[in-house]
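Student: Right, I'll just put the structure down here and ask away after.
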Amino acid sequence: MKYLDEFSDPVLARRLLDQIHAVTTRPWAMMEVCGGQTHSIIRHGIDQLLPEGIELIHGPGCPVCVTPLEMIDRALAIASRPGVIFCSFGDMLRVPGSGRDLFTVKSQGADVRVVYSPLDALEIAKAHPDREVVFFGIGFETTAPANAMTVHQARRLGVRNFSLLVSHVLVPPAIAAIMESPSCRVQAFLAAGHVCSVMGTDQYPALAEKYQVPIVVTGFEPLDILEGIRQTVVLLEAGRAEVGNAYPRAVPDSGNLPARAMLEDVFEVADRTWRGIGTIPASGWRLSSRYREFDAEERFAVGDLRTDESPLCRAGEVLQGHIKPHECAAFGKECTPRNPLGATMVSSEGACAAYYAYRRLELVSL
Ligand code: SF4
């Protein structure tokens with residue numbers, strides 16, 4: 001497939017691997033921030049081809065995984081209200097809340113609809129002015145611009161029966177939180193290429209400088225990841241805490257300026273709870289005061305819901321890179337994709353699901 005196959009070319013991959021082996025003189029631990037990168041690494045066995053001392057620590061960049069349980073319960077509470085049409089991307093429908101998931105409330109009669117864009121939800125709201133239409137807006141900086149644009153359009157067009165349940169989180173504060181952890185072993189980051197395609201790279205030099213870690217913007221295909229690792233090892237070996245860009249075909253330094261302007265208009269930075277990690281100050285977005293009337297949490301008064309995670313689940317440690325998924329005692333036993341205990345097993349981008357899908361036999365038998 002054009003634009004994909006050439007980034008999986010085995011000859012070029014071998015060449016990059018040879019270069020990585022040639023520049024590596026000692027062990028290094030680097031974190032790939034995004035769950036999409038984790039899946040690519042595990043699926044293609046990239047971690048098994050690296051020099052022995054190079055460890056890839058799987059980071060928290062899986063949007064479904066870090067959406068807090070109470071936010072799922074808020075979605076369930078809103079979706080269950082009479083007169084509500086609750087719209088979401090499909091991957092959120094299987095994520096269990098404290099008791100049920102959105103599929104279950106749909107089967108019980110709630111009007112839950114899968115859409116491919118938040119703008120589809122806005123169209124539904126225009127078509128049903130007598131109903132409340134809510135879109136579940138989760139994820140990192142990548143998905144936020146479309147949600148911001150939709151709320152902007154709702155206000156511009158006066159579609160007052162539309163609202164957004166917001167659970168947006170930001171990568172740079174998560175990197176800072178990981179580096180502040182006393183048990184942090186991360187010496188460098190492969191930053192998430194799609195996040196940087198929106199936000200650019202200008203937030204990263206200060207982080208690299210403060211924590212003395214190289215940060216290399218990295219894509220998702222095998223050659224993208226190998227080039228990101230190669231650049232990272234070069235910086236680590238040279239003792240340079242700098243920012244690199246191994247994904248220039250998608251990431252200009254300034255990012256997507258119209259998208260950033262839209263984000264700045266619609267959202268404001270706020271504290272956010274990350275599932276399995278806890279509250280990280282100034283680590284997410286909420287609707288700014290100009291758009292607050294479109295906030296579903298306020299409209300439906302569900303902000304006070306609180307929940308407890310399964311005591312067996314160690315997803316927080318997985319998301320911070322403290323353990324690998326198979327080191328959780330429930331992995332492949334009490335917890336499987338058919339019966340997930342934590343979001344890192346539910347989401348197709350979750351590290352536990354990646355290990356289960358691609359390494360199940362070899363790891364469960366350990
Ligand atoms: S294997 Fe399951 S229970 Fe264990 S950390 Fe992953 S999601 Fe949680």
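Ligands are numbered from 1 in the order shown, chains are lettered A, B, ... in the order of the structure tokens, and residues start at 1 in each chain.
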List the spatial neighbours of Gln203 of chain A as a compact mmCIF listing (two decimals) with N, CA and C atoms, in the first residue's frame - criterion: any atom at most 12 Å away, only C-alpha atoms, same-chain residues fewer than 5 positions off excluded.
Tutor:
```txt
# COMPACT_ATOMS: atom_id res chain seq x y z
N LEU A 170 -3.15 16.08 27.96
CA LEU A 170 -2.01 16.67 27.25
C LEU A 170 -0.73 15.88 27.52
N VAL A 171 0.08 15.73 26.49
CA VAL A 171 1.30 14.92 26.62
C VAL A 171 2.39 15.58 27.47
N PRO A 172 2.75 16.86 27.25
CA PRO A 172 3.90 17.39 28.01
C PRO A 172 3.76 17.29 29.54
N PRO A 173 2.59 17.58 30.14
CA PRO A 173 2.52 17.40 31.60
C PRO A 173 2.68 15.95 32.03
N ILE A 175 4.68 13.77 30.52
CA ILE A 175 6.13 13.54 30.49
C ILE A 175 6.77 14.09 31.76
N ALA A 176 6.34 15.29 32.16
CA ALA A 176 6.90 15.89 33.39
C ALA A 176 6.56 15.02 34.59
N ALA A 191 8.60 10.86 21.28
CA ALA A 191 7.35 11.62 21.38
C ALA A 191 6.38 11.17 20.30
N VAL A 195 0.51 13.75 17.79
CA VAL A 195 0.30 14.87 18.71
C VAL A 195 1.12 16.07 18.24
N CYS A 196 2.37 15.80 17.85
CA CYS A 196 3.24 16.90 17.42
C CYS A 196 2.81 17.48 16.08
N VAL A 198 -0.05 18.30 15.40
CA VAL A 198 -0.97 19.37 15.80
C VAL A 198 -0.23 20.46 16.58
N ALA A 208 13.15 18.82 27.74
CA ALA A 208 14.43 18.13 27.53
C ALA A 208 15.51 18.75 28.40
N GLU A 209 15.49 20.08 28.46
CA GLU A 209 16.49 20.81 29.25
C GLU A 209 16.29 20.56 30.75
N LYS A 210 15.04 20.68 31.21
CA LYS A 210 14.77 20.56 32.65
C LYS A 210 15.10 19.17 33.17
N ILE A 215 14.40 14.05 23.54
CA ILE A 215 13.02 13.77 23.12
C ILE A 215 13.01 13.79 21.59
N VAL A 217 10.71 13.22 18.22
CA VAL A 217 9.38 13.05 17.63
C VAL A 217 9.44 11.86 16.68
N VAL A 243 16.02 18.01 21.43
CA VAL A 243 14.80 17.56 20.75
C VAL A 243 15.13 17.25 19.29
N ASP A 253 7.79 22.12 12.74
CA ASP A 253 8.12 22.56 14.11
C ASP A 253 6.96 23.30 14.77
N SER A 254 6.23 24.07 13.97
CA SER A 254 5.16 24.89 14.57
C SER A 254 3.83 24.14 14.65
N GLY A 255 3.77 22.90 14.15
CA GLY A 255 2.52 22.15 14.19
C GLY A 255 1.50 22.71 13.21
```
Student: Show which residues sit within 12 Å of segment 293-306 of chain A, as a PDB file with N, CA and C atoms, in the first residue's frame. Count only C-alpha atoms, and ignore same-chain residues fewer than 6 positions away.
Tutor:
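Output contents, as saved in selection-v6.pdb:
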```pdb
ATOM      1  N   PRO A  68     -10.508   8.419  32.713  1.00  0.00           N
ATOM      2  CA  PRO A  68     -10.783   7.878  34.053  1.00  0.00           C
ATOM      3  C   PRO A  68     -12.122   7.164  34.125  1.00  0.00           C
ATOM      4  N   LEU A  69     -12.160   6.190  35.023  1.00  0.00           N
ATOM      5  CA  LEU A  69     -13.364   5.378  35.194  1.00  0.00           C
ATOM      6  C   LEU A  69     -14.581   6.254  35.482  1.00  0.00           C
ATOM      7  N   GLU A  70     -14.388   7.297  36.301  1.00  0.00           N
ATOM      8  CA  GLU A  70     -15.556   8.134  36.624  1.00  0.00           C
ATOM      9  C   GLU A  70     -16.086   8.857  35.383  1.00  0.00           C
ATOM     10  N   MET A  71     -15.196   9.103  34.400  1.00  0.00           N
ATOM     11  CA  MET A  71     -15.679   9.747  33.177  1.00  0.00           C
ATOM     12  C   MET A  71     -16.534   8.766  32.371  1.00  0.00           C
ATOM     13  N   ILE A  72     -16.145   7.473  32.388  1.00  0.00           N
ATOM     14  CA  ILE A  72     -16.973   6.453  31.729  1.00  0.00           C
ATOM     15  C   ILE A  72     -18.339   6.389  32.421  1.00  0.00           C
ATOM     16  N   ASP A  73     -18.306   6.435  33.764  1.00  0.00           N
ATOM     17  CA  ASP A  73     -19.580   6.387  34.501  1.00  0.00           C
ATOM     18  C   ASP A  73     -20.434   7.630  34.209  1.00  0.00           C
ATOM     19  N   ARG A  74     -19.781   8.779  34.027  1.00  0.00           N
ATOM     20  CA  ARG A  74     -20.542   9.989  33.660  1.00  0.00           C
ATOM     21  C   ARG A  74     -21.188   9.801  32.285  1.00  0.00           C
ATOM     22  N   ALA A  75     -20.439   9.229  31.356  1.00  0.00           N
ATOM     23  CA  ALA A  75     -20.990   8.966  30.023  1.00  0.00           C
ATOM     24  C   ALA A  75     -22.198   8.035  30.133  1.00  0.00           C
ATOM     25  N   LEU A  76     -22.058   6.997  30.959  1.00  0.00           N
ATOM     26  CA  LEU A  76     -23.155   6.035  31.121  1.00  0.00           C
ATOM     27  C   LEU A  76     -24.379   6.712  31.741  1.00  0.00           C
ATOM     28  N   ALA A  77     -24.136   7.578  32.731  1.00  0.00           N
ATOM     29  CA  ALA A  77     -25.249   8.269  33.396  1.00  0.00           C
ATOM     30  C   ALA A  77     -25.970   9.182  32.410  1.00  0.00           C
ATOM     31  N   ILE A  78     -25.199   9.898  31.580  1.00  0.00           N
ATOM     32  CA  ILE A  78     -25.833  10.810  30.612  1.00  0.00           C
ATOM     33  C   ILE A  78     -26.569  10.007  29.539  1.00  0.00           C
ATOM     34  N   ALA A  79     -25.911   8.954  29.029  1.00  0.00           N
ATOM     35  CA  ALA A  79     -26.522   8.162  27.953  1.00  0.00           C
ATOM     36  C   ALA A  79     -27.827   7.512  28.399  1.00  0.00           C
ATOM     37  N   SER A  80     -27.938   7.252  29.699  1.00  0.00           N
ATOM     38  CA  SER A  80     -29.142   6.578  30.212  1.00  0.00           C
ATOM     39  C   SER A  80     -30.322   7.528  30.406  1.00  0.00           C
ATOM     40  N   ARG A  81     -30.062   8.841  30.297  1.00  0.00           N
ATOM     41  CA  ARG A  81     -31.163   9.801  30.518  1.00  0.00           C
ATOM     42  C   ARG A  81     -32.167   9.751  29.372  1.00  0.00           C
ATOM     43  N   PRO A  82     -33.454   9.842  29.666  1.00  0.00           N
ATOM     44  CA  PRO A  82     -34.458   9.901  28.593  1.00  0.00           C
ATOM     45  C   PRO A  82     -34.238  11.146  27.730  1.00  0.00           C
ATOM     46  N   VAL A  84     -31.900  11.701  25.565  1.00  0.00           N
ATOM     47  CA  VAL A  84     -30.512  11.970  25.161  1.00  0.00           C
ATOM     48  C   VAL A  84     -30.116  11.067  24.001  1.00  0.00           C
ATOM     49  N   PHE A  86     -26.604   9.862  22.704  1.00  0.00           N
ATOM     50  CA  PHE A  86     -25.200   9.900  23.126  1.00  0.00           C
ATOM     51  C   PHE A  86     -24.332   9.376  21.989  1.00  0.00           C
ATOM     52  N   GLY A  97     -17.436   0.750  32.606  1.00  0.00           N
ATOM     53  CA  GLY A  97     -17.439   1.652  33.746  1.00  0.00           C
ATOM     54  C   GLY A  97     -17.453   0.806  35.009  1.00  0.00           C
ATOM     55  N   SER A  98     -17.992   1.341  36.094  1.00  0.00           N
ATOM     56  CA  SER A  98     -18.009   0.574  37.342  1.00  0.00           C
ATOM     57  C   SER A  98     -18.815  -0.708  37.192  1.00  0.00           C
ATOM     58  N   LEU A 122     -22.996  16.787  15.615  1.00  0.00           N
ATOM     59  CA  LEU A 122     -23.621  18.103  15.471  1.00  0.00           C
ATOM     60  C   LEU A 122     -24.764  18.045  14.455  1.00  0.00           C
ATOM     61  N   GLU A 132     -31.478  16.139  23.413  1.00  0.00           N
ATOM     62  CA  GLU A 132     -30.131  16.553  23.813  1.00  0.00           C
ATOM     63  C   GLU A 132     -29.135  15.608  23.161  1.00  0.00           C
ATOM     64  N   VAL A 133     -28.173  16.146  22.424  1.00  0.00           N
ATOM     65  CA  VAL A 133     -27.175  15.320  21.744  1.00  0.00           C
ATOM     66  C   VAL A 133     -25.800  15.606  22.350  1.00  0.00           C
ATOM     67  N   VAL A 134     -25.154  14.548  22.819  1.00  0.00           N
ATOM     68  CA  VAL A 134     -23.878  14.683  23.522  1.00  0.00           C
ATOM     69  C   VAL A 134     -22.810  13.902  22.764  1.00  0.00           C
ATOM     70  N   PHE A 135     -21.635  14.516  22.568  1.00  0.00           N
ATOM     71  CA  PHE A 135     -20.507  13.784  21.988  1.00  0.00           C
ATOM     72  C   PHE A 135     -19.451  13.573  23.063  1.00  0.00           C
ATOM     73  N   PHE A 136     -18.917  12.339  23.104  1.00  0.00           N
ATOM     74  CA  PHE A 136     -17.899  11.975  24.098  1.00  0.00           C
ATOM     75  C   PHE A 136     -16.523  12.339  23.534  1.00  0.00           C
ATOM     76  N   GLY A 137     -15.987  13.459  23.975  1.00  0.00           N
ATOM     77  CA  GLY A 137     -14.727  13.973  23.425  1.00  0.00           C
ATOM     78  C   GLY A 137     -13.549  13.586  24.292  1.00  0.00           C
ATOM     79  N   ASN A 147     -12.936  18.290  17.933  1.00  0.00           N
ATOM     80  CA  ASN A 147     -13.942  18.562  18.960  1.00  0.00           C
ATOM     81  C   ASN A 147     -14.094  20.064  19.184  1.00  0.00           C
ATOM     82  N   ALA A 148     -12.951  20.760  19.196  1.00  0.00           N
ATOM     83  CA  ALA A 148     -12.998  22.218  19.365  1.00  0.00           C
ATOM     84  C   ALA A 148     -13.776  22.854  18.213  1.00  0.00           C
ATOM     85  N   THR A 150     -16.092  21.537  16.436  1.00  0.00           N
ATOM     86  CA  THR A 150     -17.517  21.208  16.524  1.00  0.00           C
ATOM     87  C   THR A 150     -18.229  22.117  17.526  1.00  0.00           C
ATOM     88  N   VAL A 151     -17.601  22.339  18.680  1.00  0.00           N
ATOM     89  CA  VAL A 151     -18.226  23.226  19.666  1.00  0.00           C
ATOM     90  C   VAL A 151     -18.291  24.658  19.118  1.00  0.00           C
ATOM     91  N   HIS A 152     -17.217  25.053  18.443  1.00  0.00           N
ATOM     92  CA  HIS A 152     -17.201  26.386  17.819  1.00  0.00           C
ATOM     93  C   HIS A 152     -18.374  26.524  16.837  1.00  0.00           C
ATOM     94  N   GLN A 153     -18.579  25.486  16.025  1.00  0.00           N
ATOM     95  CA  GLN A 153     -19.670  25.506  15.048  1.00  0.00           C
ATOM     96  C   GLN A 153     -21.035  25.511  15.752  1.00  0.00           C
ATOM     97  N   ALA A 154     -21.141  24.715  16.825  1.00  0.00           N
ATOM     98  CA  ALA A 154     -22.416  24.655  17.555  1.00  0.00           C
ATOM     99  C   ALA A 154     -22.795  26.044  18.058  1.00  0.00           C
ATOM    100  N   ARG A 155     -21.805  26.760  18.587  1.00  0.00           N
ATOM    101  CA  ARG A 155     -22.107  28.111  19.087  1.00  0.00           C
ATOM    102  C   ARG A 155     -22.429  29.063  17.937  1.00  0.00           C
ATOM    103  N   GLY A 158     -25.787  28.290  16.673  1.00  0.00           N
ATOM    104  CA  GLY A 158     -26.852  28.333  17.685  1.00  0.00           C
ATOM    105  C   GLY A 158     -27.499  26.981  17.946  1.00  0.00           C
ATOM    106  N   VAL A 159     -26.695  25.896  17.860  1.00  0.00           N
ATOM    107  CA  VAL A 159     -27.238  24.549  18.114  1.00  0.00           C
ATOM    108  C   VAL A 159     -27.097  24.275  19.615  1.00  0.00           C
ATOM    109  N   ARG A 160     -28.067  24.736  20.389  1.00  0.00           N
ATOM    110  CA  ARG A 160     -27.943  24.706  21.854  1.00  0.00           C
ATOM    111  C   ARG A 160     -28.236  23.323  22.443  1.00  0.00           C
ATOM    112  N   ASN A 161     -28.793  22.414  21.655  1.00  0.00           N
ATOM    113  CA  ASN A 161     -29.058  21.069  22.192  1.00  0.00           C
ATOM    114  C   ASN A 161     -27.860  20.131  21.993  1.00  0.00           C
ATOM    115  N   PHE A 162     -26.717  20.689  21.600  1.00  0.00           N
ATOM    116  CA  PHE A 162     -25.481  19.903  21.481  1.00  0.00           C
ATOM    117  C   PHE A 162     -24.592  20.197  22.675  1.00  0.00           C
ATOM    118  N   SER A 163     -23.916  19.179  23.195  1.00  0.00           N
ATOM    119  CA  SER A 163     -22.900  19.412  24.226  1.00  0.00           C
ATOM    120  C   SER A 163     -21.794  18.368  24.109  1.00  0.00           C
ATOM    121  N   LEU A 164     -20.683  18.683  24.754  1.00  0.00           N
ATOM    122  CA  LEU A 164     -19.480  17.846  24.665  1.00  0.00           C
ATOM    123  C   LEU A 164     -19.110  17.361  26.065  1.00  0.00           C
ATOM    124  N   LEU A 165     -18.946  16.046  26.207  1.00  0.00           N
ATOM    125  CA  LEU A 165     -18.398  15.501  27.461  1.00  0.00           C
ATOM    126  C   LEU A 165     -16.891  15.424  27.268  1.00  0.00           C
ATOM    127  N   VAL A 166     -16.174  16.316  27.941  1.00  0.00           N
ATOM    128  CA  VAL A 166     -14.757  16.538  27.628  1.00  0.00           C
ATOM    129  C   VAL A 166     -13.850  15.737  28.554  1.00  0.00           C
ATOM    130  N   SER A 167     -12.940  14.968  27.948  1.00  0.00           N
ATOM    131  CA  SER A 167     -11.906  14.291  28.740  1.00  0.00           C
ATOM    132  C   SER A 167     -10.602  14.333  27.945  1.00  0.00           C
ATOM    133  N   VAL A 266     -11.266  27.572  22.160  1.00  0.00           N
ATOM    134  CA  VAL A 266     -12.369  26.771  22.714  1.00  0.00           C
ATOM    135  C   VAL A 266     -12.033  26.180  24.074  1.00  0.00           C
ATOM    136  N   PHE A 267     -10.775  25.813  24.280  1.00  0.00           N
ATOM    137  CA  PHE A 267     -10.409  25.122  25.521  1.00  0.00           C
ATOM    138  C   PHE A 267      -9.547  26.004  26.416  1.00  0.00           C
ATOM    139  N   THR A 273      -7.682  14.123  35.789  1.00  0.00           N
ATOM    140  CA  THR A 273      -7.386  12.806  36.348  1.00  0.00           C
ATOM    141  C   THR A 273      -7.072  11.850  35.216  1.00  0.00           C
ATOM    142  N   TRP A 285      -7.565  19.661  29.097  1.00  0.00           N
ATOM    143  CA  TRP A 285      -8.375  20.803  28.673  1.00  0.00           C
ATOM    144  C   TRP A 285      -9.802  20.643  29.174  1.00  0.00           C
ATOM    145  N   ARG A 286     -10.437  21.773  29.435  1.00  0.00           N
ATOM    146  CA  ARG A 286     -11.886  21.838  29.592  1.00  0.00           C
ATOM    147  C   ARG A 286     -12.362  22.997  28.721  1.00  0.00           C
ATOM    148  N   LEU A 287     -13.662  23.062  28.503  1.00  0.00           N
ATOM    149  CA  LEU A 287     -14.178  24.156  27.685  1.00  0.00           C
ATOM    150  C   LEU A 287     -13.927  25.484  28.379  1.00  0.00           C
TER     151      LEU A 287
END
```
Student: At a cut-off of 9 Å and counting only C-alpha atoms and all ligand atoms, what residues surround ligand 1? Please answer as a ChimeraX atom specification.
Tutor: /A:65,310-319,323-337,339-346,350-353,356
Student: Would you output that residue set with C-alpha atoms, as an mmCIF file, in the first residue's frame?
Tutor:
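Output below, filename result-v4.cif:
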```
data_model
loop_
_atom_site.group_PDB
_atom_site.id
_atom_site.type_symbol
_atom_site.label_atom_id
_atom_site.label_comp_id
_atom_site.auth_asym_id
_atom_site.auth_seq_id
_atom_site.Cartn_x
_atom_site.Cartn_y
_atom_site.Cartn_z
ATOM 1 C CA CYS A 65 -6.658 3.799 28.629
ATOM 2 C CA SER A 310 -10.442 -3.282 40.364
ATOM 3 C CA PRO A 311 -7.940 -4.041 43.157
ATOM 4 C CA LEU A 312 -6.259 -6.601 40.863
ATOM 5 C CA CYS A 313 -5.483 -4.120 38.101
ATOM 6 C CA ARG A 314 -1.981 -2.587 37.845
ATOM 7 C CA ALA A 315 -2.717 -0.478 34.763
ATOM 8 C CA GLY A 316 -1.369 2.628 36.487
ATOM 9 C CA GLU A 317 2.038 0.973 36.821
ATOM 10 C CA VAL A 318 1.835 -0.198 33.195
ATOM 11 C CA LEU A 319 0.933 3.304 32.019
ATOM 12 C CA ILE A 323 5.953 -2.855 34.946
ATOM 13 C CA LYS A 324 5.369 -4.673 31.668
ATOM 14 C CA PRO A 325 1.796 -5.993 31.156
ATOM 15 C CA HIS A 326 2.701 -9.654 31.688
ATOM 16 C CA GLU A 327 4.142 -8.790 35.109
ATOM 17 C CA CYS A 328 0.578 -8.143 36.306
ATOM 18 C CA ALA A 329 -0.653 -11.355 37.984
ATOM 19 C CA ALA A 330 -4.075 -11.017 36.327
ATOM 20 C CA PHE A 331 -2.651 -10.802 32.775
ATOM 21 C CA GLY A 332 -4.181 -13.502 30.576
ATOM 22 C CA LYS A 333 -5.939 -15.046 33.573
ATOM 23 C CA GLU A 334 -8.621 -12.925 35.266
ATOM 24 C CA CYS A 335 -7.929 -10.207 32.682
ATOM 25 C CA THR A 336 -8.281 -10.800 28.924
ATOM 26 C CA PRO A 337 -9.701 -8.695 26.064
ATOM 27 C CA ASN A 339 -13.070 -9.869 30.176
ATOM 28 C CA PRO A 340 -10.902 -6.778 30.716
ATOM 29 C CA LEU A 341 -10.244 -5.554 34.253
ATOM 30 C CA GLY A 342 -8.524 -2.370 33.152
ATOM 31 C CA ALA A 343 -8.573 0.007 30.217
ATOM 32 C CA THR A 344 -5.109 -1.019 29.005
ATOM 33 C CA MET A 345 -6.659 -4.384 28.129
ATOM 34 C CA VAL A 346 -9.846 -2.899 26.623
ATOM 35 C CA GLY A 350 -3.507 -0.470 25.251
ATOM 36 C CA ALA A 351 -0.199 -2.078 26.161
ATOM 37 C CA CYS A 352 -1.898 -5.050 27.877
ATOM 38 C CA ALA A 353 -4.002 -5.712 24.768
ATOM 39 C CA TYR A 356 -2.086 -10.285 24.725
#
```
Student: Given only C-alpha atoms, how would the per-residue table for segment 139-206 of chain A near segment 26-41 of chain A read, listing every residue at most 6 Å away with its closest atom pair and distance in Å to one decimal, sorted by chain and number, as a Markdown table?
Tutor:
```
| residue | atom | partner | partner_atom | distance |
| --- | --- | --- | --- | --- |
| A:Val186 | CA | A:Met30 | CA | 5.4 |
| A:Gln187 | CA | A:Met30 | CA | 5.5 |
| A:Ala188 | CA | A:Met30 | CA | 4.6 |
| A:Phe189 | CA | A:Met31 | CA | 4.9 |
| A:Leu190 | CA | A:Glu32 | CA | 4.6 |
| A:Ala191 | CA | A:Val33 | CA | 5.6 |
| A:Ala192 | CA | A:Cys34 | CA | 5.5 |
```
Student: Report, in Å to a single decimal, how far apart atom CA of Ala354 of chain A and atom CA of Val105 of chain A are.
Tutor: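 Atom-to-atom, atom CA of Val105 of chain A to atom CA of Ala354 of chain A, that is 27.3 Å.
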Student: Given only C-alpha atoms as the basis, pick out the residue of A:Ala241, A:Ala110, A:Cys62, A:Ile124 nearest to Ile138 of chain A.
Tutor: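 Between A:Ala241, A:Ala110, A:Cys62, A:Ile124, the residue approaching Ile138 of chain A most closely is A:Cys62.
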Student: Taking into account only C-alpha atoms, which residue in the set A:Val66, A:Ala270, A:Met262, A:Val112 is nearest to Met199 of chain A?
Tutor: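 Checking each candidate against Met199 of chain A, we get A:Met262 as the closest.
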Student: Nearest residue to Thr67 of chain A out of A:His21, A:Arg230, A:Arg275, A:Arg156, using only C-alpha atoms?
Tutor: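 Closest to Thr67 of chain A, using only C-alpha atoms: A:Arg275.
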Student: Select, from A:Pro118, A:Gly109, A:Pro258, A:Gly61, the residue with the minimum atom-to-atom distance to Cys87 of chain A, counting only C-alpha atoms.
Tutor: A:Pro118
Student: From a backbone DSSP assignment, name each residue in segment 100-164 of chain A labelled strand (DSSP E), as a list in words.
Tutor: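 Matching residues for strand (DSSP E) in segment 100-164 of chain A are Asp111, Val112, Arg113, Val114, Glu132, Val133, Val134, Phe135, Phe136, Gly137, Ile138, Gly139, Phe162, Ser163 and Leu164 of chain A.
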Student: Closest to Arg185 of chain A among A:Arg14, A:Ala127, A:Val213, A:Ile225, using only C-alpha atoms?
Tutor: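 Going through A:Arg14, A:Ala127, A:Val213, A:Ile225 one by one, the smallest distance to Arg185 of chain A is for A:Val213.
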Student: So how many Å separate atom CA of Gln108 of chain A and atom CA of Val95 of chain A, to one decimal?
Tutor: 16.4 Å
Student: Could you pull out the residues in segment 168-292 of chain A that DSSP calls alpha helix (DSSP H) from the backbone, as an NGL selection string?
Tutor: :A and (171-180 or 193-199 or 204-211 or 222-238 or 257-266)
Student: For the atom pair atom CA of Pro145 of chain A and atom CA of Glu268 of chain A, what is the interatomic distance in Å to one decimal place?
Tutor: 12.9 Å
Student: With only C-alpha atoms as the atoms that count, which of A:Gly193, A:Gly45, A:Pro10, A:Pro248 lies nearest to Tyr358 of chain A?
Tutor: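 Of the candidates, the smallest distance to Tyr358 of chain A is held by A:Gly45.
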